[in-house]
$ cat protein22.pdb   # PDB, C-alpha atoms
ATOM      1  CA  MET A 216       0.000   0.000   0.000
ATOM      2  CA  MET A 217       2.904   2.327   0.706
ATOM      3  CA  PHE A 218       4.121   1.654  -2.827
ATOM      4  CA  LEU A 219       0.831   3.071  -4.113
ATOM      5  CA  GLY A 220       1.398   6.253  -2.066
ATOM      6  CA  PHE A 221       4.872   6.719  -3.540
ATOM      7  CA  LEU A 222       3.422   6.101  -6.999
ATOM      8  CA  PHE A 223       0.919   8.927  -6.412
ATOM      9  CA  LEU A 224       3.760  11.223  -5.299
ATOM     10  CA  LEU A 225       5.786  10.362  -8.396
ATOM     11  CA  LEU A 226       2.744  10.960 -10.576
ATOM     12  CA  ALA A 227       2.183  14.300  -8.826
ATOM     13  CA  VAL A 228       5.788  15.423  -9.543
ATOM     14  CA  TRP A 229       5.539  14.309 -13.173
ATOM     15  CA  TYR A 230       2.136  16.012 -13.591
ATOM     16  CA  TRP A 231       3.430  19.227 -11.980
ATOM     17  CA  MET A 232       6.504  19.320 -14.259
ATOM     18  CA  ARG A 233       4.333  18.838 -17.356
ATOM     19  CA  ASN A 234       1.779  21.479 -16.367
ATOM     20  CA  ARG A 235       3.850  24.142 -14.572
ATOM     21  CA  ASP A 236       2.488  27.009 -16.511
ATOM     22  CA  ARG A 237      -1.182  26.072 -16.072
ATOM     23  CA  LYS A 238      -2.955  26.836 -12.839
ATOM     24  CA  GLY A 239      -5.296  23.804 -13.118
ATOM     25  CA  GLY A 240      -2.348  21.456 -13.639
ATOM     26  CA  MET A 241      -0.617  22.696 -10.489
ATOM     27  CA  ILE A 242      -3.770  22.161  -8.427
ATOM     28  CA  SER A 243      -4.194  18.661  -9.837
ATOM     29  CA  ALA A 244      -0.537  17.874  -9.013
ATOM     30  CA  LEU A 245      -1.066  19.228  -5.494
ATOM     31  CA  LEU A 246      -4.147  17.015  -5.047
ATOM     32  CA  LEU A 247      -2.216  13.951  -6.277
ATOM     33  CA  ALA A 248       0.568  14.764  -3.786
ATOM     34  CA  VAL A 249      -1.935  15.078  -0.916
ATOM     35  CA  VAL A 250      -3.520  11.729  -1.832
ATOM     36  CA  GLY A 251      -0.077  10.107  -2.046
ATOM     37  CA  LEU A 252       1.014  11.500   1.329
ATOM     38  CA  THR A 253      -2.291  10.444   2.915
ATOM     39  CA  ILE A 254      -1.875   6.881   1.674
ATOM     40  CA  ILE A 255       1.712   6.799   2.935
ATOM     41  CA  GLY A 256       0.714   8.250   6.311
ATOM     42  CA  LEU A 257      -2.186   5.834   6.825
ATOM     43  CA  THR A 258      -0.064   2.864   5.807
ATOM     44  CA  HIS A 259       2.683   3.931   8.182
ATOM     45  CA  ALA A 260       0.186   4.430  11.037
ATOM     46  CA  ASP A 261      -1.269   0.947  10.382
ATOM     47  CA  ASN A 262       2.213  -0.576  10.441
ATOM     48  CA  VAL A 263       3.040   1.197  13.706
ATOM     49  CA  GLU A 264      -0.231  -0.024  15.240
ATOM     50  CA  LYS A 265       0.497  -3.624  14.202
ATOM     51  CA  GLN A 266       4.017  -3.338  15.607
ATOM     52  CA  ARG A 267       2.748  -2.040  18.943
ATOM     53  CA  ALA A 268       0.154  -4.826  19.119
ATOM     54  CA  ALA A 269       2.864  -7.394  18.439
ATOM     55  CA  GLU A 270       5.103  -5.871  21.112
ATOM     56  CA  SER A 271       2.324  -5.835  23.710
ATOM     57  CA  SER A 272       1.422  -9.419  22.809
ATOM     58  CA  SER A 273       5.081 -10.376  23.143
ATOM     59  CA  ILE A 274       5.341  -8.649  26.527
ATOM     60  CA  ALA A 275       2.143 -10.347  27.736
ATOM     61  CA  SER A 276       3.339 -13.783  26.636
ATOM     62  CA  SER A 277       6.740 -13.096  28.191
ATOM     63  CA  LYS A 278       5.109 -12.199  31.521
ATOM     64  CA  LYS A 279       2.912 -15.296  31.316
ATOM     65  CA  ALA A 280       5.921 -17.519  30.558
ATOM     66  CA  LYS A 281       7.853 -15.947  33.433
ATOM     67  CA  SER A 282       4.929 -16.505  35.782
ATOM     68  CA  GLU A 283       4.606 -20.136  34.666
ATOM     69  CA  SER A 284       8.356 -20.585  35.044
ATOM     70  CA  ILE A 285       8.282 -19.259  38.611
ATOM     71  CA  SER A 286       5.351 -21.472  39.606
ATOM     72  CA  GLU A 287       7.002 -24.480  37.925
ATOM     73  CA  SER A 288      10.250 -23.704  39.741
ATOM     74  CA  LYS A 289       8.393 -23.564  43.065
ATOM     75  CA  SER A 290       6.711 -26.873  42.253
ATOM     76  CA  GLU A 291      10.047 -28.482  41.333
ATOM     77  CA  SER A 292      11.707 -27.228  44.520
ATOM     78  CA  TYR A 293       8.754 -28.595  46.536
ATOM     79  CA  ASP A 294       9.076 -31.958  44.732
ATOM     80  CA  GLN A 295      12.822 -31.947  45.388
ATOM     81  CA  ALA A 296      12.240 -31.216  49.072
ATOM     82  CA  MET A 297       9.767 -34.098  49.221
ATOM     83  CA  ASP A 298      12.289 -36.395  47.514
ATOM     84  CA  ASP A 299      15.012 -35.303  49.931
ATOM     85  CA  ALA A 300      12.805 -35.996  52.936
ATOM     86  CA  THR A 301      11.681 -39.351  51.525
ATOM     87  CA  TYR A 302      15.228 -40.430  50.679
ATOM     88  CA  THR A 303      16.532 -39.323  54.087
ATOM     89  CA  ALA A 304      13.847 -41.378  55.831
ATOM     90  CA  LEU A 305      14.576 -44.322  53.524
ATOM     91  CA  ALA A 306      18.297 -44.140  54.335
ATOM     92  CA  LYS A 307      17.602 -44.232  58.071
ATOM     93  CA  ASN A 308      15.129 -47.091  57.651
ATOM     94  CA  LEU A 309      17.517 -49.164  55.526
ATOM     95  CA  THR A 310      20.392 -48.587  57.950
ATOM     96  CA  SER A 311      18.313 -50.053  60.762
ATOM     97  CA  GLN A 312      17.229 -52.974  58.534
ATOM     98  CA  MET A 313      20.822 -53.723  57.527
ATOM     99  CA  ALA A 314      21.812 -53.991  61.187
ATOM    100  CA  ASN A 315      19.709 -57.184  61.304
ATOM    101  CA  ASP A 316      21.332 -58.656  58.154
ATOM    102  CA  SER A 317      24.552 -60.610  58.708
ATOM    103  CA  THR A 318      26.008 -59.646  55.294
ATOM    104  CA  LEU A 319      25.204 -55.931  55.514
ATOM    105  CA  ASN A 320      25.635 -55.400  59.258
ATOM    106  CA  GLY A 321      27.809 -52.343  59.946
ATOM    107  CA  PHE A 322      26.794 -50.410  56.809
ATOM    108  CA  LYS A 323      25.383 -46.935  57.355
ATOM    109  CA  ILE A 324      23.441 -45.086  54.647
ATOM    110  CA  ASP A 325      23.079 -41.304  54.602
ATOM    111  CA  TYR A 326      21.314 -39.159  52.028
ATOM    112  CA  LYS A 327      22.782 -35.715  51.398
ATOM    113  CA  ASP A 328      20.927 -32.702  50.011
ATOM    114  CA  ASP A 329      23.012 -32.779  46.844
ATOM    115  CA  GLY A 330      21.009 -35.843  45.749
ATOM    116  CA  GLN A 331      23.422 -38.641  46.545
ATOM    117  CA  PHE A 332      23.520 -41.599  48.915
ATOM    118  CA  PHE A 333      26.675 -41.940  51.020
ATOM    119  CA  VAL A 334      27.276 -45.430  52.369
ATOM    120  CA  THR A 335      29.815 -45.947  55.144
ATOM    121  CA  VAL A 336      31.192 -49.491  54.977
ATOM    122  CA  PRO A 337      32.618 -51.506  57.889
ATOM    123  CA  ASN A 338      36.336 -52.283  58.025
ATOM    124  CA  SER A 339      35.637 -55.996  57.506
ATOM    125  CA  VAL A 340      34.521 -55.279  53.920
ATOM    126  CA  ALA A 341      37.834 -53.613  53.095
ATOM    127  CA  ALA A 342      39.604 -56.916  53.863
ATOM    128  CA  MET A 343      37.520 -58.759  51.230
ATOM    129  CA  THR A 344      38.674 -59.470  47.663
ATOM    130  CA  ASP A 345      37.656 -57.086  44.892
ATOM    131  CA  ASN A 346      34.948 -59.414  43.575
ATOM    132  CA  GLU A 347      33.496 -59.914  47.066
ATOM    133  CA  GLN A 348      33.488 -56.158  47.647
ATOM    134  CA  LYS A 349      31.730 -55.563  44.318
ATOM    135  CA  GLU A 350      29.138 -58.176  45.241
ATOM    136  CA  VAL A 351      28.462 -56.625  48.658
ATOM    137  CA  TYR A 352      28.332 -53.066  47.262
ATOM    138  CA  GLY A 353      26.083 -54.305  44.459
ATOM    139  CA  SER A 354      23.668 -55.760  46.997
ATOM    140  CA  VAL A 355      23.451 -52.359  48.738
ATOM    141  CA  ILE A 356      22.744 -50.691  45.378
ATOM    142  CA  ASN A 357      20.100 -53.325  44.578
ATOM    143  CA  LEU A 358      18.528 -52.763  47.993
ATOM    144  CA  LEU A 359      18.273 -49.014  47.327
ATOM    145  CA  GLU A 360      16.938 -49.548  43.811
ATOM    146  CA  SER A 361      14.329 -52.001  45.091
ATOM    147  CA  HIS A 362      12.908 -49.067  47.086
ATOM    148  CA  ASN A 363      12.856 -46.853  43.945
ATOM    149  CA  ALA A 364      15.743 -44.740  45.196
ATOM    150  CA  ASN A 365      17.153 -43.457  41.929
ATOM    151  CA  ALA A 366      20.145 -41.483  43.153
ATOM    152  CA  PRO A 367      23.888 -42.023  42.817
ATOM    153  CA  VAL A 368      25.586 -44.099  45.520
ATOM    154  CA  SER A 369      29.116 -43.600  46.853
ATOM    155  CA  PHE A 370      30.873 -45.865  49.355
ATOM    156  CA  TYR A 371      33.295 -44.611  52.029
ATOM    157  CA  ASP A 372      35.423 -46.344  54.650
ATOM    158  CA  GLN A 373      35.191 -45.553  58.380
ATOM    159  CA  ASN A 374      37.703 -42.685  57.928
ATOM    160  CA  GLY A 375      35.634 -41.015  55.217
ATOM    161  CA  ASN A 376      37.871 -42.047  52.315
ATOM    162  CA  PRO A 377      36.084 -43.035  49.088
ATOM    163  CA  VAL A 378      36.346 -46.771  48.363
ATOM    164  CA  ALA A 379      33.790 -47.294  45.565
ATOM    165  CA  ARG A 380      30.955 -45.718  43.628
ATOM    166  CA  MET A 381      27.970 -46.781  41.584
ATOM    167  CA  THR A 382      28.566 -46.585  37.811
ATOM    168  CA  LEU A 383      26.051 -45.205  35.341
ATOM    169  CA  SER A 384      25.162 -48.741  34.274
ATOM    170  CA  GLY A 385      24.383 -49.723  37.880
ATOM    171  CA  GLY A 386      27.625 -51.588  38.472
ATOM    172  CA  VAL A 387      30.343 -50.850  41.010
ATOM    173  CA  LYS A 388      33.701 -49.119  40.436
ATOM    174  CA  LEU A 389      36.285 -49.708  43.152
ATOM    175  CA  TYR A 390      38.900 -47.106  44.036
ATOM    176  CA  LYS A 391      42.335 -48.587  44.598
TER     177      LYS A 391
END
$ encode --input "protein22.pdb" --output "structure tokens"
Amino acid sequence: MMFLGFLFLLLAVWYWMRNRDRKGGMISALLLAVVGLTIIGLTHADNVEKQRAAESSSIASSKKAKSESISESKSESYDQAMDDATYTALAKNLTSQMANDSTLNGFKIDYKDDGQFFVTVPNSVAAMTDNEQKEVYGSVINLLESHNANAPVSFYDQNGNPVARMTLSGGVKLYK
């Protein structure tokens, strides 16, 4: 539409140049120029209005997305707090259960807020062969997984030194 306005302006200039000496030709050229400028002005105003509507729509959707993001973040932090509390209670419960098991007696499970289980192993396990250690640590991992505890597991000796960890595939990696 703006092209049409510029076309009217061009026509007005051409018409004015052809009819400079006639009074009627100058008035006609002036009218063509006014029509051309009006078309350009209205087209520009329409474009500005559309741009402002798009900006306000963008701002509204941005505010809505930010609001949803904040509420989702609050929901996730609430879910994470629930998971932390559940896992902490599970760790305490399993520690007391393992005290009654002859194979796992002496193990202590703690759940830390960073989303990981820390298992303190008795000194008697450190004296076992590598395969026996892997089997015992694997049984602790299986015990946790049987309670739907999907968090990484690390094993530490009585002095707090790391001795093993759960691998991504669910196996055990010993530190030597």
$ resolve_selection --input "protein22.pdb" --expression "the PyMOL selection byres ((chain A and resi 322-327) around 7)" --output "PyMOL selection string"
chain A and resi 302-303+306-307+310+313+319-321+328-337
$ residues_near_point --input "protein22.pdb" --point "(18.4, -48.4, 39.1)" --cutoff "7 Å" --atoms "only C-alpha atoms" --output "list in words"
Glu360, Asn365 and Gly385 of chain A
$ resolve_selection --input "protein22.pdb" --expression "the PyMOL selection byres ((chain A and resi 254-257) around 12)" --output "VMD selection string"
chain A and resid 216 to 224 247 to 253 258 to 264
$ resolve_selection --input "protein22.pdb" --expression "the PyMOL selection byres ((chain A and resi 341-352) around 9)" --output "JSON list (two decimals) with C-alpha atoms, keeping the file's coordinate frame"
[["chain", "number", "residue", "atom", "x", "y", "z"],
["A", 318, "THR", "CA", 26.01, -59.65, 55.29],
["A", 319, "LEU", "CA", 25.20, -55.93, 55.51],
["A", 336, "VAL", "CA", 31.19, -49.49, 54.98],
["A", 337, "PRO", "CA", 32.62, -51.51, 57.89],
["A", 338, "ASN", "CA", 36.34, -52.28, 58.02],
["A", 339, "SER", "CA", 35.64, -56.00, 57.51],
["A", 340, "VAL", "CA", 34.52, -55.28, 53.92],
["A", 353, "GLY", "CA", 26.08, -54.30, 44.46],
["A", 354, "SER", "CA", 23.67, -55.76, 47.00],
["A", 355, "VAL", "CA", 23.45, -52.36, 48.74],
["A", 356, "ILE", "CA", 22.74, -50.69, 45.38],
["A", 357, "ASN", "CA", 20.10, -53.32, 44.58],
["A", 370, "PHE", "CA", 30.87, -45.86, 49.36],
["A", 372, "ASP", "CA", 35.42, -46.34, 54.65],
["A", 378, "VAL", "CA", 36.35, -46.77, 48.36],
["A", 379, "ALA", "CA", 33.79, -47.29, 45.56],
["A", 380, "ARG", "CA", 30.96, -45.72, 43.63],
["A", 381, "MET", "CA", 27.97, -46.78, 41.58],
["A", 386, "GLY", "CA", 27.62, -51.59, 38.47],
["A", 387, "VAL", "CA", 30.34, -50.85, 41.01],
["A", 388, "LYS", "CA", 33.70, -49.12, 40.44],
["A", 389, "LEU", "CA", 36.28, -49.71, 43.15]]
$ atom_distance --input "protein22.pdb" --atom1 "atom CA of A:His362" --atom2 "atom CA of A:Asn376"
26.5 Å
$ atom_distance --input "protein22.pdb" --atom1 "atom CA of A:Tyr371" --atom2 "atom CA of A:Lys391"
12.4 Å
$ atom_distance --input "protein22.pdb" --atom1 "atom CA of A:Tyr390" --atom2 "atom CA of A:Val368"
13.7 Å
$ closest_residue --input "protein22.pdb" --among "A:Leu245, A:Ala364, A:Ser384, A:Leu225" --to "A:Asp298" --atoms "only C-alpha atoms"
A:Ala364
